[in-house]
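Enquirer: Following this message is one structure expressed as structure tokens.
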Amino acid sequence: MKKFLALITALLLVLAALPVFAVPETPALRTARTELLDLSELTEAAANEDEGWAFDPAGNDGEPQLQLNNYGSEEAHSAPIKVPANCTVVVTGDCYIDNIVTSPDIEMPALLSAGDGYLRIEGTGTLNLYAEEVHLQNYYPISQPGTAYNGSCICLPLGSVSNDYTEILYINDVTIHCYGRERTSSNTGREPACIFAQVTAEIRNATITTHWGQYGIRCNGQSMTGGANEENGRTLVIENSNIDIQNESANGLWNYAFGIYQDQGMIHIKNSNININAGSKSISATICLRVEGGRLNVRSTATSSADSAAIVFCSRLIVEGELEELYFGAKSPASAKVIAYSTAAYLNHDSELGEGLEVAIGTFDNNRFAGAPDPDNNNLPALKIVPGGEEPPVETHTVSFYGFGDELIEAVEVADGEAAEAPEVPAEIETENGTYIFYEWDADFSEVTEDIEVHAVYLLRGDVDFNGAVDINDALAVLRAAMNIIEFNDEQTLVGDYDGSGTLDINDALYILRKSMNIS
């Protein structure tokens with residue numbers, strides 16, 4: 001028993017002598033803001049590090065700038081934000097913004113730009129926006145009452161009656177996830193869009209997903225002086241981006257559910273990957289839809305065969321570039337149109353199919369499209385365009401290889417920009433003058449852009465001064481190099497190593513001296 005107590009005592013003494021390690025505290029969750037963050041009239045810089053925002057009214061070369069860094073969290077979304085015109089929002093970290101706030105008289109989009117001017121959203125972070133409720137208060141400008149977009153995730157309204165058409169939404173190098181209001185009725189009086197821009201938008205190098213909402217991306221376009229046409233119509237640009245629009249509805253309300261919508265204007269999709277699952281007018285570009293490269297997959301779940309329930313609504317379709325695939329397909333009804341046309345006044349030009357593309361399903365004929373059965377989609381109308389057809393001619397160049405004595409060995413054809421493969425040549429050639437060693441080709445043929453001649457360079461063994469003969473001067477030079485009195489370059493070292501031992505020494509000098517005296 002005494003031994004046991006002694007052991008326990010010893011252990012306690014050892015434990016007491018050990019250093020004390022503090023248990024790390026669990027980091028506190030960032031405070032979620034519960035009241036509207038209204039920066040629209042702020043004239044001085046302000047910030048709240050705990051909430052994750054910093055605003056400078058002149059922080060972007062004299063224009064307003066808002067920085068969001070982990071504003072809100074997945075567990076606790078933060079309140080909506082109202083920014084002034086011409087504001088840049090820089091997103092870092094994961095931000096969560098909800099259009100629901102505690103104050104009952106302030107209900108609006110998740111992110112609202114006030115007044116005439118652009119809104120730019122960029123950054124390396126992710127912006128998660130929730131606008132799942134449409135409220136009674138209308139945050140649309142007084143100049144256009146009765147139109148409600150306050151169920152939008154992003155809203156860039158026309159701020160005043162000036163109508164200067166500067167309301168352009170820019171989205172660059174950022175990830176945005178929008179969760180709009182799921183439709184519970186067919187009421188078209190309210191038109192919430194996940195992303196709404198009063199005039200148009202330019203989206204580049206971005207990743208965007210939208211869920212529910214009456215529109216995935218909507219731009220009003222605005223009719224310009226002289227009317228909306230291809231000369232002055234506004235263009236919604238989507239370039240080098242990934243966009244996934246899902247306007248599904250648990251209630252099956254697909255009519256008046258749009259994917260990408262540019263009213264009184266054009267849509268230009270360039271080198272992007274876009275998937276749309278919507279209802280009527282899954283893509284609507286009143287004047288022109290232009291798809292240049294990339295992949296566009298549009299599936300419509302229309303509920304009627306009216307023109308408004310067509311998959312694509314435009315006056316002109318242009319498909320070109322290095323396209324991976326374009327697919328327009330209607331799930332229902334069987335009589336739904338693949339493409340319907342807007343006002344006949346816009347039909348100024350025929351549609352175009354670029355070189356190297358072919359129609360796999362359906363027809364592509366100027367301004368007349370007829371949906372053909374799609375065997376992979378329950379025999380419903382579809383249009384599918386893929387790479388194919390005749391391969392464009394490949395530009396080639398002639399590379400002529402010349403060997404020893406400038407004798408043509410072969411001439412090969414090489415595609416523009418590609419490398420030529422050199423023929424095999426003898427490593428050594430014996431002549432009356434001596435032994436010639438292959439050293440290199442005299443021209444670069446790793447990226448051929450024009451017709452070229454390439455000559456094999458041979459060096460005479462022992463001829464270190466390259467005068468075309470082996471003489472006593474060469475022997476003396478090799479002896480001096482062997483004694484480290486002078487230094488040879490690579491070519492001189494190659495031909496000076498007469499016995500091929502890998503080093504320059506007195507033996508090489510003697511061999512060259514004997515060669516110069518014709519002593520074998």
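FYI, nothing fancy with the structure tokens labels: chains A, B, ... in order, residues from 1 per chain, ligands from 1 as they appear.
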Please identify all polymer residues within 6 Å of Thr210 in chain A, counting only C-alpha atoms, omitting same-chain residues fewer than 6 positions from it, and present them as a ChimeraX atom specification.
Expert: /A:178,216,245
Enquirer: Can you tell me which residues surround Trp53 in chain A at a distance of at most 10 Å, considering only C-alpha atoms, apart from same-chain residues fewer than 5 positions away, and format the answer as a VMD selection string?
Expert: chain A and resid 37 46 to 48 66 to 72 90 to 91
Enquirer: For the selection just defined, write its residues with N, CA, C and O atoms to a file, as a short mmCIF file (atom, residue, chain, number, x, y, z; two decimals), in the first residue's frame.
Expert:
data_model
loop_
_atom_site.label_atom_id
_atom_site.label_comp_id
_atom_site.auth_asym_id
_atom_site.auth_seq_id
_atom_site.Cartn_x
_atom_site.Cartn_y
_atom_site.Cartn_z
N LEU A 37 -28.43 47.69 -44.69
CA LEU A 37 -27.17 48.43 -44.80
C LEU A 37 -27.34 49.42 -45.95
O LEU A 37 -27.11 49.10 -47.10
N ALA A 46 -16.88 54.26 -44.07
CA ALA A 46 -17.40 53.56 -42.89
C ALA A 46 -17.11 52.08 -43.03
O ALA A 46 -16.94 51.57 -44.15
N ALA A 47 -17.05 51.38 -41.90
CA ALA A 47 -16.75 49.95 -41.94
C ALA A 47 -17.22 49.29 -40.66
O ALA A 47 -17.38 49.95 -39.62
N ASN A 48 -17.45 48.00 -40.75
CA ASN A 48 -17.75 47.18 -39.58
C ASN A 48 -17.07 45.84 -39.80
O ASN A 48 -17.57 45.00 -40.54
N LEU A 66 -17.52 49.22 -52.27
CA LEU A 66 -17.91 48.45 -51.10
C LEU A 66 -17.13 47.14 -51.10
O LEU A 66 -17.15 46.41 -52.10
N GLN A 67 -16.48 46.83 -49.99
CA GLN A 67 -15.77 45.57 -49.86
C GLN A 67 -16.54 44.67 -48.90
O GLN A 67 -16.82 45.08 -47.77
N LEU A 68 -16.87 43.48 -49.39
CA LEU A 68 -17.55 42.49 -48.55
C LEU A 68 -16.61 41.33 -48.31
O LEU A 68 -16.11 40.71 -49.25
N ASN A 69 -16.36 41.03 -47.05
CA ASN A 69 -15.48 39.93 -46.67
C ASN A 69 -16.20 39.05 -45.65
O ASN A 69 -16.31 39.40 -44.48
N ASN A 70 -16.74 37.92 -46.12
CA ASN A 70 -17.50 37.01 -45.26
C ASN A 70 -18.64 37.76 -44.57
O ASN A 70 -18.84 37.66 -43.35
N TYR A 71 -19.37 38.51 -45.36
CA TYR A 71 -20.54 39.24 -44.86
C TYR A 71 -21.67 38.22 -44.66
O TYR A 71 -22.16 37.62 -45.62
N GLY A 72 -22.08 38.03 -43.42
CA GLY A 72 -23.05 36.99 -43.13
C GLY A 72 -22.41 35.62 -43.14
O GLY A 72 -21.21 35.46 -43.37
N VAL A 90 -16.68 44.61 -54.18
CA VAL A 90 -15.59 43.64 -54.23
C VAL A 90 -15.89 42.54 -53.21
O VAL A 90 -16.01 42.82 -52.02
N VAL A 91 -15.99 41.31 -53.69
CA VAL A 91 -16.40 40.19 -52.84
C VAL A 91 -15.20 39.30 -52.54
O VAL A 91 -14.52 38.83 -53.45
#
Enquirer: How many Å separate CA of Met483 in chain A from CA of Ala509 in chain A?
Expert: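 These two atoms are separated by 10.9 Å.
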Enquirer: Name the residues in contact with Ile97 in chain A at a cut-off of 9 Å, using only C-alpha atoms, excluding same-chain residues fewer than 5 positions from it; report them as a list in words.
Expert: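 So, after excluding close chain neighbours, the residues are Tyr71, Gly72, Ser73, His77, Ser78, Ala79, Pro80, Ile81, Ala110, Leu111, Leu127, Asn128, Leu129, Tyr130, Ala131 and Cys153 of chain A.
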Enquirer: Any chance you can output those residues with N, CA, C and O atoms as a short mmCIF file (atom, residue, chain, number, x, y, z; two decimals), in the first residue's frame?
Expert:
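Written file, selection.cif:
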data_model
loop_
_atom_site.label_atom_id
_atom_site.label_comp_id
_atom_site.auth_asym_id
_atom_site.auth_seq_id
_atom_site.Cartn_x
_atom_site.Cartn_y
_atom_site.Cartn_z
N TYR A 71 -19.37 38.51 -45.36
CA TYR A 71 -20.54 39.24 -44.86
C TYR A 71 -21.67 38.22 -44.66
O TYR A 71 -22.16 37.62 -45.62
N GLY A 72 -22.08 38.03 -43.42
CA GLY A 72 -23.05 36.99 -43.13
C GLY A 72 -22.41 35.62 -43.14
O GLY A 72 -21.21 35.46 -43.37
N SER A 73 -23.20 34.60 -42.88
CA SER A 73 -22.71 33.22 -42.87
C SER A 73 -23.82 32.31 -43.33
O SER A 73 -24.98 32.70 -43.47
N HIS A 77 -27.73 34.56 -42.26
CA HIS A 77 -27.59 35.50 -43.37
C HIS A 77 -27.66 36.93 -42.85
O HIS A 77 -28.29 37.21 -41.83
N SER A 78 -27.01 37.82 -43.59
CA SER A 78 -27.05 39.23 -43.21
C SER A 78 -28.09 39.99 -44.04
O SER A 78 -28.56 39.50 -45.08
N ALA A 79 -28.37 41.19 -43.59
CA ALA A 79 -29.44 42.01 -44.17
C ALA A 79 -29.06 42.52 -45.55
O ALA A 79 -27.89 42.53 -45.93
N PRO A 80 -30.05 42.95 -46.34
CA PRO A 80 -29.78 43.46 -47.69
C PRO A 80 -28.96 44.74 -47.67
O PRO A 80 -28.83 45.42 -46.64
N ILE A 81 -28.40 45.07 -48.85
CA ILE A 81 -27.50 46.22 -48.98
C ILE A 81 -28.00 47.12 -50.10
O ILE A 81 -28.37 46.64 -51.18
N ALA A 110 -32.00 41.75 -52.35
CA ALA A 110 -30.85 41.47 -51.50
C ALA A 110 -29.74 42.49 -51.72
O ALA A 110 -29.10 42.96 -50.77
N LEU A 111 -29.49 42.85 -52.98
CA LEU A 111 -28.47 43.85 -53.31
C LEU A 111 -29.07 44.82 -54.31
O LEU A 111 -29.42 44.45 -55.43
N LEU A 127 -20.72 35.09 -53.67
CA LEU A 127 -21.85 35.89 -53.21
C LEU A 127 -23.10 35.02 -53.27
O LEU A 127 -23.53 34.60 -54.34
N ASN A 128 -23.65 34.71 -52.10
CA ASN A 128 -24.88 33.92 -52.00
C ASN A 128 -26.03 34.86 -51.68
O ASN A 128 -26.05 35.50 -50.62
N LEU A 129 -27.00 34.96 -52.59
CA LEU A 129 -28.08 35.94 -52.47
C LEU A 129 -29.43 35.24 -52.37
O LEU A 129 -29.73 34.34 -53.16
N TYR A 130 -30.24 35.70 -51.42
CA TYR A 130 -31.54 35.09 -51.18
C TYR A 130 -32.61 36.17 -51.27
O TYR A 130 -32.56 37.17 -50.56
N ALA A 131 -33.56 35.97 -52.18
CA ALA A 131 -34.70 36.89 -52.30
C ALA A 131 -35.95 36.05 -52.47
O ALA A 131 -36.64 36.12 -53.48
N CYS A 153 -32.64 39.15 -56.51
CA CYS A 153 -31.42 39.02 -55.72
C CYS A 153 -30.52 40.22 -55.96
O CYS A 153 -30.00 40.82 -55.03
#
Enquirer: Could you check which of A:Tyr165, A:Phe196, A:Tyr179, A:Phe328 is closest to Gly213 in chain A, using only C-alpha atoms?
Expert: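 Checking each candidate against Gly213 in chain A, we get A:Tyr179 as the closest.
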Enquirer: Smallest atom-to-atom distance to Asp61 in chain A: which of A:Ile238, A:Ser113, A:Cys87, A:Arg33, using only C-alpha atoms?
Expert: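 Of A:Ile238, A:Ser113, A:Cys87, A:Arg33, the one nearest Asp61 in chain A, counting only C-alpha atoms, is A:Cys87.
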Enquirer: For CA of Asp499 in chain A and CA of Phe404 in chain A, determine how far apart the two atoms are, in Å to one decimal place.
Expert: 22.4 Å
Enquirer: Go ahead and compute the interatomic distance for CA of Glu421 in chain A and CA of Ser400 in chain A, in Å to one decimal.
Expert: 10.9 Å
Enquirer: Might you pull out every residue within 9 Å of Asn277 in chain A, with only C-alpha atoms counted and same-chain residues fewer than 3 positions away left off, and present them as a ChimeraX atom specification?
Expert: /A:244-248,258-259,282,297-301
